[in-house]
Amino acid sequence: MTATATASASPPAGAPNGDGALGRFRICDFTGQLAGAGATKWLAAFGAEVIRIEDPVTRGMWDVLRGMAPYVDERRGPDFGGGFNNHNPEKFGITLNLRTERAKELLVEIVKRSDVVSENFSKGVLARWGFDYARLRAIKPDIIYVSNCGFGQRGPYSDYKTWGPIVQAMSGLTHLSGLADREPAGWGYSYMDHTGGMYMAIAILLALVHRERTGEGQWIDMSCTDSALTLTGTSILDWTANGRTTRRPGYPDSNHSEHPVMAPHAVYPCRGDDEWIAIACRDDGDWQRLATRIGDAWTRDARWASVEGRRAAQSELDAKLADWTRPQDKHALARTLQVDGIPAAIVAKPEERIDRDENTRAWDLFPTVTHAKMGRVRVDGMPVHLAKSDWRIERGGPCVGEHTDLVLGRLLGLSTEELVKLHAEGVI
Amino acid sequence: MSGPCGGEGALAGLRVVELANERCAWAGKLLADMGADVILVEPPAGDATRGWGPFLDDRPGPDRSLHWWHNHTSKRGIVLDLEQAADRATLRRLIATADVFLEAEPPGALAARDLDHPALCQANPRLVYCSITPFGRSGPRKDEHATDLTVLAAGGPVWMNGYDDHSLAPMRGLGNQGFQTGCHYAVMSILTAILWRGASGEGQHIDVSLHAAANVTTEAGSYHWLVARETVQRQTGRHAGMMVSMPSQQQCADGRWVNTGFPPRKPEDYAKLLGWLRALGLEKRLPEAVFLQLGAEQESIDLSKIGLDDQVTAIFGAGREALVLIAQTVSAQAFFVGAQKIGLAVGAILSPEEAYEDDHFKARGMQVEVEHPELGRSFRYPGAPYALEKGAWRIARRAPRLGEHTEEVLAELGAN
């Protein structure tokens, strides 16, 4: 082992962001997909040195997003998945063949120099490689180890598998999206992969704060399904306190608003193919302004004067309102209603919210990264700005093994000759 | 009162002043349940969300809102009348003792009261001042009126959700998820700023946009456009996509729905699925069962050949048909457990209360009792979103009654 014996506090050369808000921290990162990679994307964007460790034999394809559409051109393979690039900018990518003892030795040296070990494998994968929490702690006493698996490391379902839609199904979120007396509409994307990644990031940050205060590291057993269960807490309290179930006639009806009571409150058709506007009247004042804007006699029906009356007959109200919105241009109508002081917004298509929204542009919400093979590609940025230590997303997601020599050379002090040998032996 | 794990939370010693608002309540709860001293400031009439149902026993009252209960655990509550100069001065003195100020007022509203970031950071340069607004504090849309629904519509999630039948409106999911997503980013930002302060000694202002938060959390909805200028289309119960995908939900014998996940991809999975079908005595009812056998006999199955190679297409289709037939024959829970036991990632579509009562979540400690001393009762709440073993999550106390801690907090402030 030629790696230096003392942990180096300085990032490997090439870390462009070592002065960021989290520039003090190094993450030994095994995460993938979105529920894991999303967490370390945040850390990397704020300057943490995230070293993504992947398997050279399978070309990192445990993270299937490496090879999946969308693509920038006709090229295919583990370095061309658009989703992977979106979730992994600003990270370093190295390969270690953990079937070999030498790679395990190298991993030990990386863990010694890390603050956090993060993964979202199925239960027990890292332990089978010989790196359970007890071992990690023996290597680095104050290590923070976060394991994020669908049903967690304990409990009757802990051996079961999930992905976003399964987490959403099992936690109640799918059931709460849709129209009453129909099949659930659910979520047309992995809401809980995004949100599970956020909870994983929060857990890591909390553990870092705790370590700063006490010097203690720890193991965090994360389960996206636990996190998801806390997101519908009012419905759960309605059950535990009042005994009311969400399986009841007329429920979920999720574009309407029962709590707080708002009506009208829905998504209405506009002129064109699949064009929609969301309108929400928060109170009687909003409704009166809307009624004035509509100007038709039907709006003066006494039933509509109170929110109770509007809610009691909201299907009828929705139908009348839809007749009014249907021939109108959604953009013009949204602007008019906003001038009137009524919450209204178009149901924005991707192009409209990404390329045609002046607020999005002013925020610089979709930064362009430079990817070693894909070139310049835009990715999701961060919906926050920190005045003094903001995020930076410039470098694309790493190609398989892109930074292996850089990281092992600069961080562990391996010589060029040694790296050549390790490549030849299939260790890295 | 201490939680099941005892000890201090990870954020012990951190003081947060939160100006009550529907848009930032969830962020304050996440900090409070981790041990921060979150002081919630309400006007004399109470925050409007105390009037949000459902209510305990369906009887409205300022201390009976279950929305309030859920969103304000572990906080202390005080009343200040910000129309009054003296109370504004008190709030400024309180914030001078705080690490974090959390607010969600319309842009400019607090500047008019000399409570904006420049005013407060002079007295407390270490203050992390976090603002959550519908469209951010400075963009051209900053003054637009918004609710959870309109934020989710403008930001993209609504476009993603709904039914195959596009004459039906696209949908949002319930639970104020637009606000909650913004709050998750607010908490990530606050903790990041606290860690940076640990090195730099400096506080700062954080600007969180709910619209932007929705806009960067639609998964493939964004990156199909960003990378390939493709627009995804909504589909019942499954990912919005470029092409119509196979249905993924099925109603079971007990009337409940399941998500059948992906059909099997590996030969051994086809063998197991055929075994399950036989164990249920259903093989004869599925003419396609022969293709399951064929699938089991393959060396590998190349899924990229679906639709191109008749045999692969038939094998994959038989996998889906077998799952549908089994689902129609058994309960949703039996389908979930049976499929998971042969290694398939499927799920029962549970209601929140069914999930809450499920043995798995009980075993993980997701049921937490919280005392309501004035009612002489305790109630079961949702538990920890993450299981930190040190500095653990806990609910320190139920949500504050209106003005419950005014005297206590002002006395502490006087003593300072």
# chains A, B, ... in the order shown; residues from 1 in each chain; ligands from 1
>>> residues_around(residues="Leu408 of chain A", least_positions_apart="2", cutoff="10 Å", atoms="only C-alpha atoms", output="MDAnalysis selection string")
chainID A and resid 3 12 94 106 109:110 403:406 410:416 419 428
>>> residues_around(residues="Glu105 of chain B", least_positions_apart="2", cutoff="12 Å", atoms="only C-alpha atoms", output="PDB file with C-alpha atoms, in the first residue's frame")
ATOM      1  CA  GLU B  18     -40.580  31.053  12.319  1.00  0.00           C
ATOM      2  CA  LEU B  19     -43.167  33.543  11.171  1.00  0.00           C
ATOM      3  CA  ALA B  20     -46.320  31.444  10.865  1.00  0.00           C
ATOM      4  CA  ASN B  21     -47.335  30.896   7.244  1.00  0.00           C
ATOM      5  CA  GLU B  22     -48.809  27.936   5.363  1.00  0.00           C
ATOM      6  CA  ARG B  23     -45.822  27.889   3.020  1.00  0.00           C
ATOM      7  CA  CYS B  24     -43.050  27.423   5.613  1.00  0.00           C
ATOM      8  CA  LEU B 102     -37.806  31.336   8.604  1.00  0.00           C
ATOM      9  CA  GLU B 103     -40.501  33.272   6.785  1.00  0.00           C
ATOM     10  CA  PRO B 107     -41.649  39.809  -1.279  1.00  0.00           C
ATOM     11  CA  GLY B 108     -41.334  43.254   0.253  1.00  0.00           C
ATOM     12  CA  ALA B 109     -43.815  42.727   3.075  1.00  0.00           C
ATOM     13  CA  LEU B 110     -41.151  42.438   5.772  1.00  0.00           C
ATOM     14  CA  ALA B 111     -39.021  45.267   4.388  1.00  0.00           C
ATOM     15  CA  ALA B 112     -41.978  47.530   5.041  1.00  0.00           C
ATOM     16  CA  ARG B 113     -41.760  46.496   8.694  1.00  0.00           C
ATOM     17  CA  LEU B 115     -37.771  43.028   9.321  1.00  0.00           C
ATOM     18  CA  ASP B 116     -36.018  42.265   6.063  1.00  0.00           C
ATOM     19  CA  CYS B 130     -34.628  31.899   4.875  1.00  0.00           C
ATOM     20  CA  SER B 131     -37.439  33.217   2.672  1.00  0.00           C
ATOM     21  CA  ILE B 132     -39.878  30.882   0.934  1.00  0.00           C
ATOM     22  CA  THR B 133     -41.990  32.526  -1.768  1.00  0.00           C
ATOM     23  CA  PRO B 134     -44.091  31.205  -4.657  1.00  0.00           C
ATOM     24  CA  PHE B 135     -41.781  32.565  -7.375  1.00  0.00           C
ATOM     25  CA  GLY B 136     -38.646  33.723  -5.565  1.00  0.00           C
ATOM     26  CA  ARG B 137     -37.897  37.201  -4.283  1.00  0.00           C
ATOM     27  CA  LYS B 142     -42.473  37.482  -7.859  1.00  0.00           C
ATOM     28  CA  ASP B 143     -45.782  39.152  -7.047  1.00  0.00           C
ATOM     29  CA  HIS B 145     -50.811  35.055  -6.402  1.00  0.00           C
ATOM     30  CA  ASP B 207     -34.130  32.602  -1.377  1.00  0.00           C
ATOM     31  CA  VAL B 208     -36.371  29.531  -1.969  1.00  0.00           C
TER      32      VAL B 208
END
>>> closest_residue(among="A:Arg99, A:Arg353, A:Lys330, A:Arg311", to="Trp129 of chain A", atoms="only C-alpha atoms")
A:Arg99
>>> closest_residue(among="A:Gly396, A:Gly309, A:Pro70, A:Gly285", to="chain B", atoms="only C-alpha atoms")
A:Pro70
>>> closest_residue(among="B:Gln311, B:Gln251, B:Ser245, B:Thr236", to="chain A", atoms="only C-alpha atoms")
B:Thr236
>>> residues_around(residues="Val400 of chain A", least_positions_apart="5", cutoff="10 Å", atoms="only C-alpha atoms", output="VMD selection string")
chain A and resid 52 to 56 58 to 61 66 78 to 79 92 to 95
>>> residues_around(residues="Met382 of chain A", least_positions_apart="3", cutoff="10 Å", atoms="only C-alpha atoms", output="list in words")
Lys41, Trp42, Ala45, Trp363, Asp364, Leu365, Phe366, Pro367, Val379, His385, Asp390, Trp391, Arg392 and Ile393 of chain A; Tyr185, Val208, Ser209, Ala212, Ala213, Asn215, Val216 and Thr217 of chain B
>>> interface_residues(of="chain A", to="chain B", cutoff="6 Å", atoms="only C-alpha atoms", output="PyMOL selection string")
chain A and resi 21+70+72+155-156+160-162+166+169-172+175-177+185-189+202+210+220-222+226-227+230+232+234+236+240+242+254+259-260+278+343-348+359+378+380+383-387
>>> atom_distance(atom1="atom CA of Val290 of chain B", atom2="atom CA of Ile315 of chain B")
8.8 Å
>>> residues_around(residues="His256 of chain A", least_positions_apart="6", cutoff="8 Å", atoms="only C-alpha atoms", output="list in words")
Met262, Ala263, Pro264, His265 and Ala266 of chain A
>>> select_by_dssp(residues="segment 160-340 of chain B", states="strand (DSSP E or B)", output="list in words")
Gln204, His205, Ile206, Asp207, Val208, Ser209, Gln233, Arg234, Gln235, Arg238, His239, Ala240, Gly241, Gln249, Gln250, Gln251, Trp257, Val258 and Asn259 of chain B
>>> select_by_dssp(residues="segment 296-393 of chain A", states="alpha helix (DSSP H)", output="VMD selection string")
chain A and resid 307 to 312 314 to 325 330 to 340 350 to 354 358 to 363
>>> atom_distance(atom1="atom CA of Ser300 of chain B", atom2="atom CA of Ala127 of chain A")
28.5 Å
>>> atom_distance(atom1="atom CA of Thr100 of chain A", atom2="atom CA of Gln218 of chain A")
27.4 Å
>>> residues_around(residues="Glu394 of chain A", least_positions_apart="6", cutoff="12 Å", atoms="only C-alpha atoms", output="PyMOL selection string")
chain A and resi 15-17+44-47+85-86+88-91+366-372+375-381
